[in-house]
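Below is one structure, written out as C-alpha cells; the observations come after it.
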2 protein chains.
Amino acid sequence: MSNLVNRQIVLIEKPTEKLTRDHFRLVQGPVPEPADGEALLRVLYISMDAANRAWMQGATYRSELKSNAVMAGGGLAEVVASKATGFAAGDLVFADTGWRDYAALPGKQLAKLPRIDPLTHLLSVYGVAGLTAYFGLLKVGRPKSGETVVVSAAAGSVGSFVGQIAKIIGCHVVGIAGGGAKCEWLTGHLGFDAAVDYKQGGVFKSLREAAPKGVDVYFDNVGGEILEACLPQMNLRGRIACCGAVSLYDRAPPTTGPRGVPGLIVTKRLIMQGFLWSDFLDERDKAVAELGSWVKTGKLKVEEDVIDGLENAPAALIGLLGGENRGKRMVKV
Amino acid sequence: MSNLVNRQIVLIEKPTEKLTRDHFRLVQGPVPEPADGEALLRVLYISMDAANRAWMQGATYRSELKSNAVMAGGGLAEVVASKATGFAAGDLVFADTGWRDYAALPGKQLAKLPRIDPLTHLLSVYGVAGLTAYFGLLKVGRPKSGETVVVSAAAGSVGSFVGQIAKIIGCHVVGIAGGGAKCEWLTGHLGFDAAVDYKQGGVFKSLREAAPKGVDVYFDNVGGEILEACLPQMNLRGRIACCGAVSLYDRAPPTTGPRGVPGLIVTKRLIMQGFLWSDFLDERDKAVAELGSWVKTGKLKVEEDVIDGLENAPAALIGLLGGENRGKRMVKV
C-alpha cells in the first residue's frame, strides 16, 4: 500500500461564525498500516450531515471536534486488509472513517453491512437518515392515522423520509423547506399534502393554513424560529420529536438562553413534558390516600401560609409572585 | 340573604408589566340568588397561585381573564343554599369561586370534598398543590431511588411537596429558592439534601456543587434562567416535568422566542423528546425490513445527492448547511 496516497481533509480551525472552505485543508499522507485488531478501510462514500457542523460547536453526543485533525464523519467503506477478528478483505462496513481515502480502525468501531444495490442506500434509507426518520417519527412522534404531522428541513435526508413515512401511516403531512422548488418537490414528487416555504416569511400564518386542524406531531430538525412558529400551533398532547437544530449550527454556539434548548434536548435525549394534575384524575383517590399516609406518619410536612381577609387577596398574590411565601398560600375569606 | 354584603375583588385592568394593587378594586354587591341547578356558596378559603397571574397574560389551559370582572381563582366553599341536584346546605366544595364572599355556581362546576381537620389541607396537600407535586413528580419525572431530583420554587406550595416526596422515594434532592432563610428551611426543616439560593447568583455553579452527579429529574416551576442553568446539567435520559414558568408571569407576556417554550409545554401538555436513532438499536433489523418493503413497493422514494470527489467534501457540507441539497447528501470518495 505504500505507493498509494491517502488524501485527508483536515479541519484546520473551528469556525466561530459561518463555516467556510478556509476552515479545511486537503493534505496527503501515507496509507496507514493496520495494527493488531484493526482493519484497513478504503472509504467509498462519506455521509454529509448537518450534525457535522454541530460537532464543531461543542460536546454533543460525541466529544467536540479538534482542530488540526482529519475531519470526522461517517463513511461507507470496504475492508482492504484486516487484522481485526471477524473482518476480511472485501467486507463492507460503516464507521466514523473521517474524511479521507483510507483509515485504519479497530474492529469494534466497525459495523458490517450487507452488499446491496445501490450501495448508497446504506447511507440513506437504511443508514442514519432513514433510521432516524423511522424511529423518530414512529417511536417518539407516535402519529396516528388522520393526525397532522409537520416536519422541518423537509427536503433534507431525514425530513424527506419522515414526511413519506407519515403519509404511509395515513397522516396529513406538511413539510417546511426553503424555496419554491423544494416545496413543489415535496408535494408533487413525494406526496406531502402541503409545503411551507420558510424563505417567503410568514411561517406561522402559512403553517396555520397548511395545518388547519393544528399540529399533532412536529418533527423538529431545525430549532429556532421555525420551532417557535410550530409551538403555539401544537394540539393538546402533541409530540415534538427533537431531532436536530440545524438553524443554530452554522453560527456562533448559542450562549445562554433557551435558544439552545432543542439542541440540549437532542444531545441528552431529554424528555420535557408538560402536564396538569387533572390529567391524572383517575388516580386522584390513590394519590390522596398516599399523601395522607405520608402526612400522618410525619414523612410529609404541610406548610400553609394563610392570609386573613378577602381584602388582602391582591397583596397576597402580588407577594406570592415576589416570592414572599413558604408553602401553600391561601386567603381566609 | 339580602341583608348580607357580598364583597368582591374585581380585576379592573390587566397588567402589562408587574401586577400591582391598582389592578384590583374591592366592590360590594348583593349576595346572589342561586338559579335552578345552582348552589349558593360561602367562600371560606381562596387558593393563591402563581398561575393566577399567568391567566392574565393570555389563554392557557383556560381562557384569558377578562378585565372588569371578579378575579378568578379556586376556592374552598360551603354550600349555603342549593338548587343543584346532589348538593345540600353544609356541603363542602372546591370550585372556581373567584375572589368574593359568595358565589352562585352550577352544580357541575362543584367538586364535593370531605370535611377534614384542618380544612386548609384541602387546598394544600390534598388540593391542586399536593396533587400537582405528586403526579408531576411520580408520573412525569419518574424518579428512581438514588437519582438526583432538582425542584425550583422549592419553598413554594408545589415545590415543597415535590422535594419531600422525592426524599420519600429515596432521591438526592436539591431545592432552588430565593433567599437564605428559605434555603435553610428546605434543608433544615423539610429535609432536602441541598438548597441553592438563586438570589445569590451563580446558579449554574451552585447547582453543579449541590448535584455533583448531574440532574435526573428537574421539576420546573419557573422557566427562564433557572431552566437554562439546569438544562446543561441534565443527565442522559433526564426528565423535565414542566409545571410552570413563574419567572415569566409577572411581566409582559413573552413575545416571540423560545423563552415562552416552557409555558407552552405546560398549557398544551406537550412532550418534547430528544432522541438518536441508536437509542432503538434493538429494533434496527425490523426497521430496515419495513423501510425495505416500502422502498420495494414504491411507497418510499429515496432521494440521494451524491457529490463526487473527496476534495469536494468541504463545499458539500457548506452547501448542505446552506440548504442546497435534496434528500441524502454524500460524497463519493
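Ligands are numbered from 1 in the order shown, chains are lettered A, B, ... in the order of the C-alpha cells, and residues start at 1 in each chain.
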Residues of stretch 129-277 of chain B classed as helix (DSSP H, G or I) by DSSP on the backbone are to be reported as a JSON list (two decimals) with C-alpha atoms, in the first residue's frame.
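Wrote it out as states35.json, contents follow:
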[["chain", "number", "residue", "atom", "x", "y", "z"],
["B", 129, "ALA", "CA", -50.67, 21.86, 45.05],
["B", 130, "GLY", "CA", -50.21, 18.42, 46.56],
["B", 131, "LEU", "CA", -51.68, 16.59, 43.59],
["B", 132, "THR", "CA", -49.58, 18.58, 41.14],
["B", 133, "ALA", "CA", -46.45, 17.69, 43.09],
["B", 134, "TYR", "CA", -47.47, 14.05, 43.39],
["B", 135, "PHE", "CA", -48.41, 13.38, 39.78],
["B", 136, "GLY", "CA", -45.84, 15.68, 38.25],
["B", 137, "LEU", "CA", -43.00, 14.09, 40.15],
["B", 138, "LEU", "CA", -44.11, 10.46, 40.07],
["B", 139, "LYS", "CA", -45.80, 10.24, 36.67],
["B", 140, "VAL", "CA", -43.84, 12.75, 34.63],
["B", 141, "GLY", "CA", -40.49, 12.98, 36.41],
["B", 157, "SER", "CA", -46.60, 25.17, 47.61],
["B", 158, "VAL", "CA", -45.87, 22.64, 44.89],
["B", 159, "GLY", "CA", -42.09, 22.65, 45.24],
["B", 160, "SER", "CA", -42.07, 21.97, 48.96],
["B", 161, "PHE", "CA", -44.13, 18.83, 48.37],
["B", 162, "VAL", "CA", -42.09, 17.74, 45.36],
["B", 163, "GLY", "CA", -38.85, 17.77, 47.29],
["B", 164, "GLN", "CA", -40.29, 15.94, 50.25],
["B", 165, "ILE", "CA", -41.89, 13.25, 48.09],
["B", 166, "ALA", "CA", -38.60, 12.82, 46.24],
["B", 167, "LYS", "CA", -36.91, 12.28, 49.61],
["B", 168, "ILE", "CA", -39.55, 9.67, 50.48],
["B", 169, "ILE", "CA", -38.66, 7.89, 47.19],
["B", 180, "GLY", "CA", -31.01, 32.15, 52.67],
["B", 181, "ALA", "CA", -33.92, 31.75, 55.08],
["B", 182, "LYS", "CA", -35.93, 29.69, 52.60],
["B", 183, "CYS", "CA", -32.89, 27.62, 51.75],
["B", 184, "GLU", "CA", -32.21, 26.86, 55.40],
["B", 185, "TRP", "CA", -35.84, 25.91, 55.82],
["B", 186, "LEU", "CA", -35.62, 23.48, 52.90],
["B", 187, "THR", "CA", -32.62, 21.64, 54.28],
["B", 188, "GLY", "CA", -33.21, 22.10, 57.99],
["B", 198, "TYR", "CA", -30.79, 31.86, 43.22],
["B", 199, "LYS", "CA", -30.72, 35.37, 44.62],
["B", 200, "GLN", "CA", -27.00, 34.86, 45.32],
["B", 203, "VAL", "CA", -26.98, 29.25, 39.96],
["B", 204, "PHE", "CA", -25.20, 27.10, 37.42],
["B", 205, "LYS", "CA", -22.12, 26.70, 39.62],
["B", 206, "SER", "CA", -24.04, 26.29, 42.86],
["B", 207, "LEU", "CA", -26.22, 23.66, 41.26],
["B", 208, "ARG", "CA", -23.16, 21.81, 40.00],
["B", 209, "GLU", "CA", -21.91, 21.63, 43.58],
["B", 210, "ALA", "CA", -25.28, 20.64, 45.01],
["B", 224, "GLY", "CA", -36.36, 31.22, 32.22],
["B", 225, "GLU", "CA", -32.82, 31.46, 33.51],
["B", 226, "ILE", "CA", -33.11, 28.69, 36.06],
["B", 227, "LEU", "CA", -34.32, 26.28, 33.42],
["B", 228, "GLU", "CA", -31.34, 27.38, 31.38],
["B", 229, "ALA", "CA", -28.99, 26.65, 34.26],
["B", 230, "CYS", "CA", -30.48, 23.19, 34.77],
["B", 231, "LEU", "CA", -30.65, 22.05, 31.16],
["B", 232, "PRO", "CA", -26.94, 21.52, 30.57],
["B", 233, "GLN", "CA", -26.65, 19.65, 33.86],
["B", 246, "VAL", "CA", -43.41, 31.70, 37.16],
["B", 247, "SER", "CA", -40.32, 33.71, 36.30],
["B", 248, "LEU", "CA", -42.13, 34.68, 33.10],
["B", 258, "PRO", "CA", -38.33, 30.07, 22.94],
["B", 259, "ARG", "CA", -38.49, 31.95, 26.23],
["B", 260, "GLY", "CA", -42.13, 31.08, 26.01],
["B", 261, "VAL", "CA", -41.35, 27.41, 25.49],
["B", 262, "PRO", "CA", -41.94, 26.02, 28.97],
["B", 263, "GLY", "CA", -45.25, 27.81, 29.29],
["B", 264, "LEU", "CA", -46.50, 26.43, 26.01],
["B", 265, "ILE", "CA", -45.37, 22.96, 27.01],
["B", 266, "VAL", "CA", -47.40, 23.15, 30.20],
["B", 267, "THR", "CA", -50.51, 24.57, 28.62],
["B", 268, "LYS", "CA", -50.64, 22.08, 25.79],
["B", 277, "TRP", "CA", -31.66, 6.62, 16.17]]
Can you tell me how far atom CA of A:Arg25 sits from atom CA of B:Met330, in Å to one decimal?
-> 18.9 Å
Would you kindly return, as JSON, numbers by chain, each protein, DNA or RNA residue with an atom no farther than 12 Å from any atom of stretch 6-11 of chain B, considering only C-alpha atoms and excluding same-chain residues fewer than 5 positions away?
-> {"A": [309, 310, 311, 312, 313, 314, 315, 333], "B": [1, 19, 20, 21, 22, 23, 24, 25, 26, 27, 28, 29, 30, 31, 32, 33, 40, 41, 42, 43, 46, 52, 53, 55, 56, 65, 66, 67, 68, 69, 70, 71, 72, 73, 97, 98, 99, 100, 101, 102, 103, 104]}
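Take the candidates B:Arg329, B:Lys18, B:Arg62, B:Lys213 and check each one against chain A using only C-alpha atoms; the shortest distance goes to B:Arg329.
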Quick one, how far is atom CA of A:Ala81 from atom CA of A:Lys112?
-> 14.5 Å
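Between atom CA of B:Ala211 and atom CA of B:Gly170 the separation is 14.8 Å.
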Check the DSSP output for the backbone and give back, as a PyMOL selection string, the residues of stretch 114-165 of chain B in strand (DSSP E or B).
-> chain B and resi 148-152+156
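Among A:Gln273, A:Thr85, A:Thr120, A:Thr16, the residue with the shortest atom-to-atom distance to chain B, counting only C-alpha atoms, is A:Gln273.
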Selection: 12 Å around A:Gln109, only C-alpha atoms, excl. self and same-chain fewer than 6 positions, as a PyMOL selection string = chain A and resi 37-39+41+74-75+84+87+93-97+103
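If you measure from each of B:Ile12, B:Leu44, B:Val80, B:Ile176 to chain A using only C-alpha atoms, the closest one turns out to be B:Leu44.
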Selection near B:Ala51, 9 Å with only C-alpha atoms, sequence-local residues under 6 positions removed, as a PyMOL selection string = chain B and resi 244-246+249
Write the residues you've just listed into a file as a tab-separated table (two decimals), in the first residue's frame, and include N, CA and C atoms for each of them.
chain	number	residue	atom	x	y	z
B	244	GLY	N	-44.65	24.84	35.45
B	244	GLY	CA	-44.98	26.26	35.37
B	244	GLY	C	-43.76	27.05	35.02
B	245	ALA	N	-43.95	28.34	34.82
B	245	ALA	CA	-42.85	29.20	34.40
B	245	ALA	C	-43.01	30.55	35.08
B	246	VAL	N	-43.04	30.50	36.42
B	246	VAL	CA	-43.41	31.70	37.16
B	246	VAL	C	-42.46	32.86	36.93
B	249	TYR	N	-44.12	35.12	34.40
B	249	TYR	CA	-45.53	35.51	34.53
B	249	TYR	C	-45.73	37.00	34.82
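Take the candidates B:Val288, B:Leu4, B:Leu110, B:Ala153 and check each one against B:Gly86 using only C-alpha atoms; the shortest distance goes to B:Leu110.
Between chain A and the candidates B:Lys144, B:His172, B:Arg239, B:Lys108, the tightest atom-to-atom separation, counting only C-alpha atoms, involves B:Arg239.
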